[in-house]
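Peer 1: Take a look at protein11.cif, mmCIF, C-alpha atoms:
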data_model
loop_
_atom_site.label_atom_id
_atom_site.label_comp_id
_atom_site.auth_asym_id
_atom_site.auth_seq_id
_atom_site.Cartn_x
_atom_site.Cartn_y
_atom_site.Cartn_z
CA MET A 1 32.79 -10.03 -1.94
CA ARG A 2 29.46 -9.49 -3.66
CA ASP A 3 27.76 -9.27 -0.24
CA ILE A 4 30.18 -6.52 0.80
CA GLY A 5 29.57 -4.74 -2.49
CA THR A 6 25.83 -4.88 -1.93
CA LEU A 7 26.21 -3.35 1.53
CA LEU A 8 28.40 -0.56 0.20
CA GLU A 9 25.93 0.06 -2.63
CA ALA A 10 23.14 0.41 -0.05
CA LEU A 11 25.05 2.85 2.18
CA PRO A 12 24.30 6.12 0.31
CA TYR A 13 20.63 5.20 0.06
CA ILE A 14 20.43 4.40 3.79
CA ARG A 15 22.04 7.78 4.45
CA GLU A 16 19.62 9.54 2.08
CA PHE A 17 16.51 7.88 3.52
CA HIS A 18 17.49 8.12 7.20
CA GLY A 19 14.63 9.64 9.18
CA LYS A 20 12.34 9.68 6.14
CA THR A 21 8.86 8.17 6.00
CA VAL A 22 8.15 5.42 3.46
CA VAL A 23 4.57 4.24 2.99
CA ILE A 24 4.21 0.68 1.71
CA LYS A 25 1.02 -0.66 0.23
CA TYR A 26 1.11 -4.37 1.02
CA GLY A 27 -0.98 -6.75 -1.06
CA GLY A 28 -1.12 -9.50 -3.64
CA ALA A 29 1.19 -12.52 -3.60
CA ALA A 30 3.40 -10.90 -0.96
CA MET A 31 0.48 -11.34 1.44
CA GLU A 32 -0.58 -14.80 0.29
CA ASP A 33 2.66 -16.79 -0.05
CA PRO A 34 3.87 -17.91 3.42
CA SER A 35 7.58 -17.43 2.65
CA LEU A 36 6.98 -14.01 1.09
CA ARG A 37 4.95 -12.96 4.14
CA GLU A 38 7.93 -13.67 6.37
CA GLU A 39 10.39 -11.92 4.03
CA PHE A 40 8.18 -8.84 3.89
CA ALA A 41 8.03 -8.63 7.68
CA ARG A 42 11.83 -8.90 7.86
CA ASP A 43 12.25 -6.22 5.22
CA VAL A 44 9.98 -3.77 7.05
CA VAL A 45 11.80 -4.42 10.32
CA LEU A 46 15.13 -3.80 8.58
CA LEU A 47 13.87 -0.44 7.30
CA LYS A 48 13.06 0.58 10.86
CA TYR A 49 16.43 -0.61 12.16
CA VAL A 50 18.39 1.42 9.58
CA GLY A 51 16.55 4.61 10.45
CA LEU A 52 13.55 4.85 8.11
CA ASN A 53 9.98 5.26 9.32
CA PRO A 54 7.94 2.62 7.46
CA ILE A 55 4.14 2.74 7.46
CA VAL A 56 2.30 -0.30 6.10
CA VAL A 57 -1.14 0.07 4.50
CA HIS A 58 -2.79 -3.19 3.51
CA GLY A 59 -5.79 -4.59 1.75
CA GLY A 60 -6.87 -8.18 1.78
CA GLY A 61 -8.96 -8.61 -1.33
CA PRO A 62 -8.53 -12.38 -1.79
CA ASP A 63 -9.45 -13.04 1.85
CA ILE A 64 -12.50 -10.79 1.59
CA THR A 65 -13.60 -12.53 -1.61
CA ALA A 66 -13.11 -15.97 -0.06
CA TYR A 67 -15.27 -15.12 2.95
CA MET A 68 -17.94 -13.49 0.80
CA GLU A 69 -18.14 -16.58 -1.37
CA ARG A 70 -18.46 -18.79 1.72
CA LEU A 71 -21.35 -16.57 2.88
CA GLY A 72 -23.02 -16.58 -0.55
CA LEU A 73 -22.54 -12.85 -1.10
CA PRO A 74 -22.05 -11.50 -4.66
CA VAL A 75 -18.53 -10.43 -5.66
CA GLU A 76 -18.30 -7.65 -8.24
CA PHE A 77 -15.66 -5.11 -9.27
CA VAL A 78 -16.02 -1.93 -11.34
CA GLY A 79 -12.91 -0.03 -12.43
CA GLY A 80 -10.77 -2.05 -10.02
CA LEU A 81 -13.03 -1.14 -7.06
CA ARG A 82 -15.12 -3.65 -5.11
CA VAL A 83 -18.87 -3.01 -5.27
CA SER A 84 -19.79 -2.82 -1.57
CA ASP A 85 -23.21 -3.02 0.05
CA GLU A 86 -23.58 -3.01 3.84
CA GLY A 87 -22.99 -6.77 4.02
CA THR A 88 -19.77 -6.47 2.02
CA VAL A 89 -18.46 -3.70 4.27
CA GLU A 90 -19.23 -5.77 7.35
CA VAL A 91 -17.27 -8.72 5.95
CA ALA A 92 -14.43 -6.45 4.85
CA LYS A 93 -14.07 -4.94 8.32
CA MET A 94 -14.12 -8.34 10.01
CA VAL A 95 -11.51 -9.76 7.64
CA LEU A 96 -9.21 -6.74 7.33
CA VAL A 97 -9.29 -5.48 10.92
CA GLY A 98 -9.90 -8.69 12.84
CA LYS A 99 -7.81 -11.14 10.83
CA VAL A 100 -5.38 -9.77 8.25
CA ASN A 101 -4.21 -6.74 10.24
CA LYS A 102 -3.43 -8.75 13.35
CA GLU A 103 -1.54 -11.41 11.37
CA ILE A 104 0.73 -8.72 9.86
CA VAL A 105 1.29 -7.09 13.25
CA LEU A 106 2.24 -10.42 14.82
CA ARG A 107 4.75 -11.21 12.06
CA VAL A 108 6.43 -7.81 12.31
CA ASN A 109 6.57 -8.10 16.11
CA ARG A 110 8.10 -11.56 15.85
CA HIS A 111 10.91 -10.26 13.64
CA GLY A 112 12.06 -7.69 16.14
CA GLN A 113 10.15 -4.41 15.93
CA PRO A 114 6.92 -3.49 17.74
CA ALA A 115 4.00 -2.82 15.39
CA ILE A 116 0.59 -1.31 16.10
CA GLY A 117 -2.50 -2.27 14.10
CA LEU A 118 -4.84 0.54 13.08
CA CYS A 119 -7.77 1.08 10.78
CA GLY A 120 -9.43 4.23 9.51
CA ASP A 121 -11.80 4.26 12.49
CA ASP A 122 -9.02 4.47 15.10
CA GLY A 123 -8.59 8.03 16.29
CA SER A 124 -10.70 9.07 13.26
CA LEU A 125 -7.63 8.34 11.17
CA PHE A 126 -9.62 8.40 7.91
CA ARG A 127 -12.67 10.54 7.27
CA VAL A 128 -14.32 9.39 4.08
CA SER A 129 -17.23 10.20 1.82
CA ARG A 130 -19.08 8.04 -0.65
CA ARG A 131 -17.49 7.74 -4.07
CA LYS A 132 -18.49 6.49 -7.49
CA ALA A 133 -16.56 4.33 -9.94
CA PRO A 134 -14.44 6.08 -12.62
CA GLY A 135 -17.32 5.71 -15.08
CA GLY A 136 -19.81 7.27 -12.67
CA GLU A 137 -21.43 3.99 -11.57
CA ASP A 138 -22.81 3.70 -8.04
CA ILE A 139 -20.66 1.08 -6.28
CA GLY A 140 -22.19 1.36 -2.83
CA PHE A 141 -20.30 1.95 0.39
CA VAL A 142 -16.88 2.56 -1.12
CA GLY A 143 -15.15 5.48 0.54
CA CYS A 144 -13.11 8.32 -0.88
CA ILE A 145 -10.67 9.62 1.75
CA GLU A 146 -11.27 13.29 2.53
CA ARG A 147 -8.83 13.61 5.42
CA VAL A 148 -6.04 11.67 7.13
CA ASP A 149 -5.41 12.60 10.77
CA VAL A 150 -1.62 12.68 10.77
CA ASP A 151 -1.50 13.39 14.52
CA VAL A 152 -2.53 9.79 15.15
CA LEU A 153 0.22 8.44 12.91
CA ASN A 154 2.88 10.82 14.15
CA HIS A 155 2.30 9.64 17.71
CA VAL A 156 2.34 5.97 16.78
CA ALA A 157 5.18 6.05 14.23
CA THR A 158 7.67 7.51 16.70
CA ASP A 159 8.07 4.20 18.51
CA TYR A 160 6.10 1.66 16.46
CA ILE A 161 5.52 0.50 12.90
CA PRO A 162 1.93 1.45 12.03
CA VAL A 163 -0.01 -1.23 10.12
CA ILE A 164 -3.22 0.24 8.69
CA ALA A 165 -6.29 -1.63 7.42
CA SER A 166 -8.11 0.20 4.62
CA VAL A 167 -11.56 0.88 6.04
CA GLY A 168 -13.03 4.16 7.28
CA ALA A 169 -16.15 6.06 8.25
CA ASP A 170 -17.95 9.24 7.25
CA ARG A 171 -19.04 12.14 9.48
CA ASP A 172 -22.16 10.23 10.50
CA GLY A 173 -20.26 7.11 11.52
CA ARG A 174 -21.25 4.98 8.50
CA SER A 175 -18.56 2.44 7.61
CA TYR A 176 -16.99 2.23 4.15
CA ASN A 177 -14.68 -0.10 2.32
CA VAL A 178 -11.65 1.92 1.11
CA ASN A 179 -9.41 0.84 -1.74
CA ALA A 180 -6.01 0.09 -0.17
CA ASP A 181 -4.09 1.75 -3.02
CA GLU A 182 -6.01 4.97 -2.49
CA ALA A 183 -5.47 4.72 1.27
CA ALA A 184 -1.71 4.30 0.84
CA GLY A 185 -1.50 7.28 -1.49
CA ALA A 186 -3.56 9.42 0.88
CA VAL A 187 -1.45 8.45 3.90
CA ALA A 188 1.77 9.15 2.00
CA GLY A 189 0.57 12.57 0.89
CA ALA A 190 -0.73 13.58 4.31
CA MET A 191 2.44 12.40 6.08
CA GLY A 192 4.74 14.13 3.61
CA ALA A 193 6.34 10.75 2.95
CA TYR A 194 9.55 10.59 0.96
CA LYS A 195 8.32 7.63 -1.05
CA VAL A 196 5.24 5.45 -1.49
CA VAL A 197 5.66 1.87 -2.69
CA PHE A 198 2.95 -0.42 -4.09
CA LEU A 199 3.55 -4.18 -4.05
CA THR A 200 1.56 -5.99 -6.72
CA ASP A 201 1.51 -9.21 -8.77
CA VAL A 202 3.09 -7.92 -11.98
CA PRO A 203 6.60 -6.54 -12.70
CA GLY A 204 5.25 -2.97 -12.57
CA TRP A 205 3.20 -0.82 -14.92
CA LEU A 206 3.09 -2.67 -18.23
CA ALA A 207 2.48 -0.95 -21.57
CA ASP A 208 0.74 -4.18 -22.63
CA PRO A 209 -0.84 -5.97 -19.63
CA ALA A 210 -0.53 -9.28 -21.50
CA ASP A 211 3.23 -8.85 -22.02
CA PRO A 212 5.40 -8.98 -18.86
CA GLY A 213 8.30 -7.71 -20.96
CA SER A 214 6.60 -4.38 -21.66
CA LEU A 215 7.57 -2.86 -18.31
CA ILE A 216 7.58 0.93 -18.16
CA GLY A 217 10.62 1.55 -15.97
CA GLN A 218 10.08 5.28 -15.42
CA ALA A 219 7.18 7.63 -16.04
CA SER A 220 6.09 11.16 -15.22
CA THR A 221 2.80 12.05 -13.59
CA GLU A 222 1.78 13.69 -16.87
CA GLN A 223 2.29 10.39 -18.72
CA VAL A 224 0.27 8.55 -16.10
CA ARG A 225 -2.60 11.06 -16.24
CA ASP A 226 -2.73 10.74 -20.02
CA ALA A 227 -2.95 6.94 -19.72
CA LEU A 228 -5.48 6.71 -16.88
CA GLU A 229 -8.60 7.20 -18.95
CA GLY A 230 -7.84 4.15 -21.06
CA LEU A 231 -7.04 1.88 -18.11
CA ASP A 232 -9.24 -0.54 -16.21
CA GLY A 233 -8.69 -3.16 -13.55
CA GLY A 234 -6.40 -3.09 -10.52
CA MET A 235 -3.58 -1.03 -12.05
CA ARG A 236 -5.83 2.01 -12.43
CA PRO A 237 -6.28 2.80 -8.72
CA LYS A 238 -2.56 2.18 -8.13
CA LEU A 239 -1.55 4.68 -10.79
CA GLN A 240 -4.15 7.20 -9.61
CA ALA A 241 -2.81 6.85 -6.06
CA CYS A 242 0.72 7.48 -7.37
CA VAL A 243 -0.39 10.68 -9.09
CA ASP A 244 -2.33 11.88 -6.03
CA ALA A 245 0.56 11.18 -3.65
CA ILE A 246 3.10 12.99 -5.82
CA GLY A 247 0.67 15.87 -6.22
CA ALA A 248 0.60 16.11 -2.42
CA GLY A 249 4.39 16.38 -2.25
CA VAL A 250 5.71 12.80 -2.19
CA SER A 251 8.99 12.72 -4.13
CA ALA A 252 8.43 9.42 -5.95
CA ALA A 253 6.08 6.46 -6.20
CA HIS A 254 7.09 2.91 -7.07
CA ILE A 255 5.08 -0.06 -8.33
CA LEU A 256 6.96 -3.30 -7.62
CA ASP A 257 6.54 -7.02 -8.13
CA GLY A 258 5.66 -8.38 -4.71
CA ARG A 259 6.16 -11.94 -5.97
CA LEU A 260 9.91 -11.27 -5.90
CA ALA A 261 11.44 -11.72 -2.43
CA HIS A 262 12.97 -8.49 -1.05
CA SER A 263 11.67 -6.39 -3.96
CA LEU A 264 11.18 -3.55 -1.49
CA LEU A 265 14.86 -3.54 -0.48
CA LEU A 266 16.05 -4.00 -4.07
CA GLU A 267 14.17 -0.88 -5.12
CA LEU A 268 15.18 1.29 -2.20
CA PHE A 269 18.81 0.27 -1.68
CA THR A 270 20.32 -0.71 -5.05
CA ASP A 271 21.47 1.39 -7.99
CA GLU A 272 19.53 -0.53 -10.58
CA GLY A 273 16.17 -0.75 -8.82
CA ILE A 274 13.20 -2.65 -10.17
CA GLY A 275 9.60 -2.05 -11.18
CA THR A 276 8.13 1.30 -12.24
CA LYS A 277 9.20 4.62 -10.76
CA ILE A 278 6.87 7.59 -11.13
CA GLU A 279 7.98 11.16 -10.46
CA ALA A 280 6.53 14.64 -10.97
CA SER A 281 6.55 15.99 -14.49
CA ALA A 282 9.45 18.30 -15.23
#
Written as structure tokens, how would this file's structure read?
Peer 2:
Amino acid sequence: MRDIGTLLEALPYIREFHGKTVVIKYGGAAMEDPSLREEFARDVVLLKYVGLNPIVVHGGGPDITAYMERLGLPVEFVGGLRVSDEGTVEVAKMVLVGKVNKEIVLRVNRHGQPAIGLCGDDGSLFRVSRRKAPGGEDIGFVGCIERVDVDVLNHVATDYIPVIASVGADRDGRSYNVNADEAAGAVAGAMGAYKVVFLTDVPGWLADPADPGSLIGQASTEQVRDALEGLDGGMRPKLQACVDAIGAGVSAAHILDGRLAHSLLLELFTDEGIGTKIEASA
């Protein structure tokens, strides 16, 4: 009877989310573990079948790092952002667009829904400009998204699940590496998404990064802004993306543990939920 109870528990959420857009930032262990990769594809297909409009935005940091190391290129991060010269951007585009994106598309297709792979260059989906690290350091060809062309996504998302690789170009056609968290937040805001979800390798936003038990279950954008200045590493761009998306009208942002199978469904369709939920300040 627990299975029936779970279905009944999900029903009001399915009704609430029907026809709504949910942007999912896909990364971390959920992309690296073979069984989790398959479960994620099934979960996204299920969202489409029950009437949501999922949009997947992905990175591929470990794959990029692995290829850079094989090519003898330096790997460096500042404030959670990859320092990117022209060689780094070239590798990132090859890995993200040519390898990772197509693998995700194939898995989603195989589980029953047609997906279309995109990157920021397609249809000028992302227009970017050069950005600096939070401390003002020059980190090379790392892009800050100025505009998301929602017409491209609206056309695609009607019949397909868009899967977006986080690269883009500026007005002059120069290519940039774009942080996938920032890209997901920008897509969610531009699309007027109902929710944006970030899959990561920790239980959520932790008050003490060394203590998995220090999960912050709920937070306001004001609390996040107050904390951002003291943060470093990969959680910083995720939290900044949450704030930016909510500021653009997204109702809520969630940071979930992608190491847990079906964490996406558990957050969206159960009363208890998991991870960290961030909403606008009262």
Peer 1: Once the PyMOL selection byres ((chain A and resi 184-192) around 9) has been evaluated on this model, what residues remain selected, and can you format them as JSON, numbers by chain?
Peer 2: {"A": [21, 22, 23, 24, 25, 55, 56, 57, 58, 145, 146, 147, 148, 149, 150, 153, 154, 164, 166, 179, 180, 181, 182, 183, 193, 194, 195, 196, 197, 198, 238, 240, 241, 242, 243, 244, 245, 246, 247, 248, 249, 250, 251, 253]}
Peer 1: Under the rule that only C-alpha atoms are counted, which of A:Met68, A:Ser129, A:Leu228, A:His262 is the nearest residue to A:Ser35?
Peer 2: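 Of A:Met68, A:Ser129, A:Leu228, A:His262, the one nearest A:Ser35 is A:His262, counting only C-alpha atoms.
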Peer 1: For A:Ala92, which residue among A:Tyr176, A:Tyr26, A:Trp205, A:Tyr13 is the nearest when counting all atoms listed in the file?
Peer 2: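 Smallest distance to A:Ala92 is found for A:Tyr176.
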Peer 1: Can you tell me which residues surround A:Glu267 at a distance of at most 12 Å, considering only C-alpha atoms, apart from same-chain residues fewer than 5 positions away, and format the answer as a list of chain:residue names?
Peer 2: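 In the requested form, the answer reads A:Ala10, A:Tyr13, A:Asp43, A:Lys195, A:Val196, A:Val197, A:Phe198, A:Leu199, A:Gly204, A:Gly217, A:Ala252, A:Ala253, A:His254, A:Ile255, A:Leu256, A:Asp257, A:Gly258, A:Leu260, A:Ala261, A:His262, A:Glu272, A:Gly273, A:Ile274, A:Gly275, A:Thr276, A:Lys277.
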Peer 1: Find the residue from A:Pro237, A:Glu229, A:Ala219, A:Ala29 that sits nearest to A:Glu279; use all atoms listed in the file when measuring.
Peer 2: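 Ranked by minimum distance to A:Glu279, first place goes to A:Ala219.
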Peer 1: Go ahead and compute the interatomic distance for atom CA of A:Lys20 and atom CA of A:Gly112, in Å to one decimal.
Peer 2: 20.0 Å
Peer 1: For the structure provided, state which residues fall under the PyMOL selection byres ((chain A and resi 40) around 10), and present them as JSON, numbers by chain.
Peer 2: {"A": [26, 30, 31, 35, 36, 37, 38, 39, 41, 42, 43, 44, 45, 46, 104, 107, 108, 258, 261, 262, 263, 264, 265]}
Peer 1: Considering only C-alpha atoms, can you say which of A:Gly120, A:Val178, A:Pro203, A:Ser281 comes closest to A:Val224?
Peer 2: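 Using only C-alpha atoms, the shortest distance to A:Val224 belongs to A:Ser281.
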Peer 1: Using Å and a single decimal, report how far atom CA of A:Thr270 sits from atom CA of A:Ile116.
Peer 2: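 Result for atom CA of A:Ile116 versus atom CA of A:Thr270: 28.9 Å, one decimal.
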Peer 1: Could you tell me, as an mmCIF file with C-alpha atoms, in the frame of the given file, exactly which residues end up selected when the PyMOL selection byres ((chain A and resi 86) around 9) is applied to this structure?
Peer 2:
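What landed in result.cif:
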data_model
loop_
_atom_site.group_PDB
_atom_site.id
_atom_site.type_symbol
_atom_site.label_atom_id
_atom_site.label_comp_id
_atom_site.auth_asym_id
_atom_site.auth_seq_id
_atom_site.Cartn_x
_atom_site.Cartn_y
_atom_site.Cartn_z
ATOM 1 C CA SER A 84 -19.790 -2.820 -1.570
ATOM 2 C CA ASP A 85 -23.210 -3.020 0.050
ATOM 3 C CA GLY A 87 -22.990 -6.770 4.020
ATOM 4 C CA THR A 88 -19.770 -6.470 2.020
ATOM 5 C CA VAL A 89 -18.460 -3.700 4.270
ATOM 6 C CA GLU A 90 -19.230 -5.770 7.350
ATOM 7 C CA VAL A 91 -17.270 -8.720 5.950
ATOM 8 C CA GLY A 140 -22.190 1.360 -2.830
ATOM 9 C CA PHE A 141 -20.300 1.950 0.390
ATOM 10 C CA SER A 175 -18.560 2.440 7.610
ATOM 11 C CA TYR A 176 -16.990 2.230 4.150
#
Peer 1: Grab all the atoms of stretch 101-108 of chain A that the file lists, wrap them in a box along x, y and z, add 5 Å per side, and give me centre plus edge lengths in Å (one decimal) as lines of an AutoDock Vina configuration file.
Peer 2:
center_x = 1.1
center_y = -9.1
center_z = 12.3
size_x = 20.6
size_y = 14.7
size_z = 15.0
Peer 1: Using Å and a single decimal, report how far atom CA of A:Leu231 sits from atom CA of A:Ala169.
Peer 2: 28.2 Å
Peer 1: Kindly provide, as a list of chain:residue names, the polymer residues lying within 10 Å of (-16.2, -0.9, -13.3), counting only C-alpha atoms and using the coordinates exactly as they appear in the file.
Peer 2: A:Glu76, A:Phe77, A:Val78, A:Gly79, A:Gly80, A:Leu81, A:Arg82, A:Val83, A:Lys132, A:Ala133, A:Pro134, A:Gly135, A:Gly136, A:Glu137, A:Asp138, A:Ile139, A:Asp232, A:Gly233
Peer 1: Go ahead and save the picked residues with C-alpha atoms, as a compact mmCIF listing (two decimals), keeping the file's coordinate frame.
Peer 2:
# COMPACT_ATOMS: atom_id res chain seq x y z
CA GLU A 76 -18.30 -7.65 -8.24
CA PHE A 77 -15.66 -5.11 -9.27
CA VAL A 78 -16.02 -1.93 -11.34
CA GLY A 79 -12.91 -0.03 -12.43
CA GLY A 80 -10.77 -2.05 -10.02
CA LEU A 81 -13.03 -1.14 -7.06
CA ARG A 82 -15.12 -3.65 -5.11
CA VAL A 83 -18.87 -3.01 -5.27
CA LYS A 132 -18.49 6.49 -7.49
CA ALA A 133 -16.56 4.33 -9.94
CA PRO A 134 -14.44 6.08 -12.62
CA GLY A 135 -17.32 5.71 -15.08
CA GLY A 136 -19.81 7.27 -12.67
CA GLU A 137 -21.43 3.99 -11.57
CA ASP A 138 -22.81 3.70 -8.04
CA ILE A 139 -20.66 1.08 -6.28
CA ASP A 232 -9.24 -0.54 -16.21
CA GLY A 233 -8.69 -3.16 -13.55
Peer 1: Neighbouring residues of A:His18 were defined as those with any atom within 6 Å, considering all atoms listed in the file; residues of the same chain fewer than 2 positions away were excluded. Please report them as a PyMOL selection string.
Peer 2: chain A and resi 14-16+20+51-52
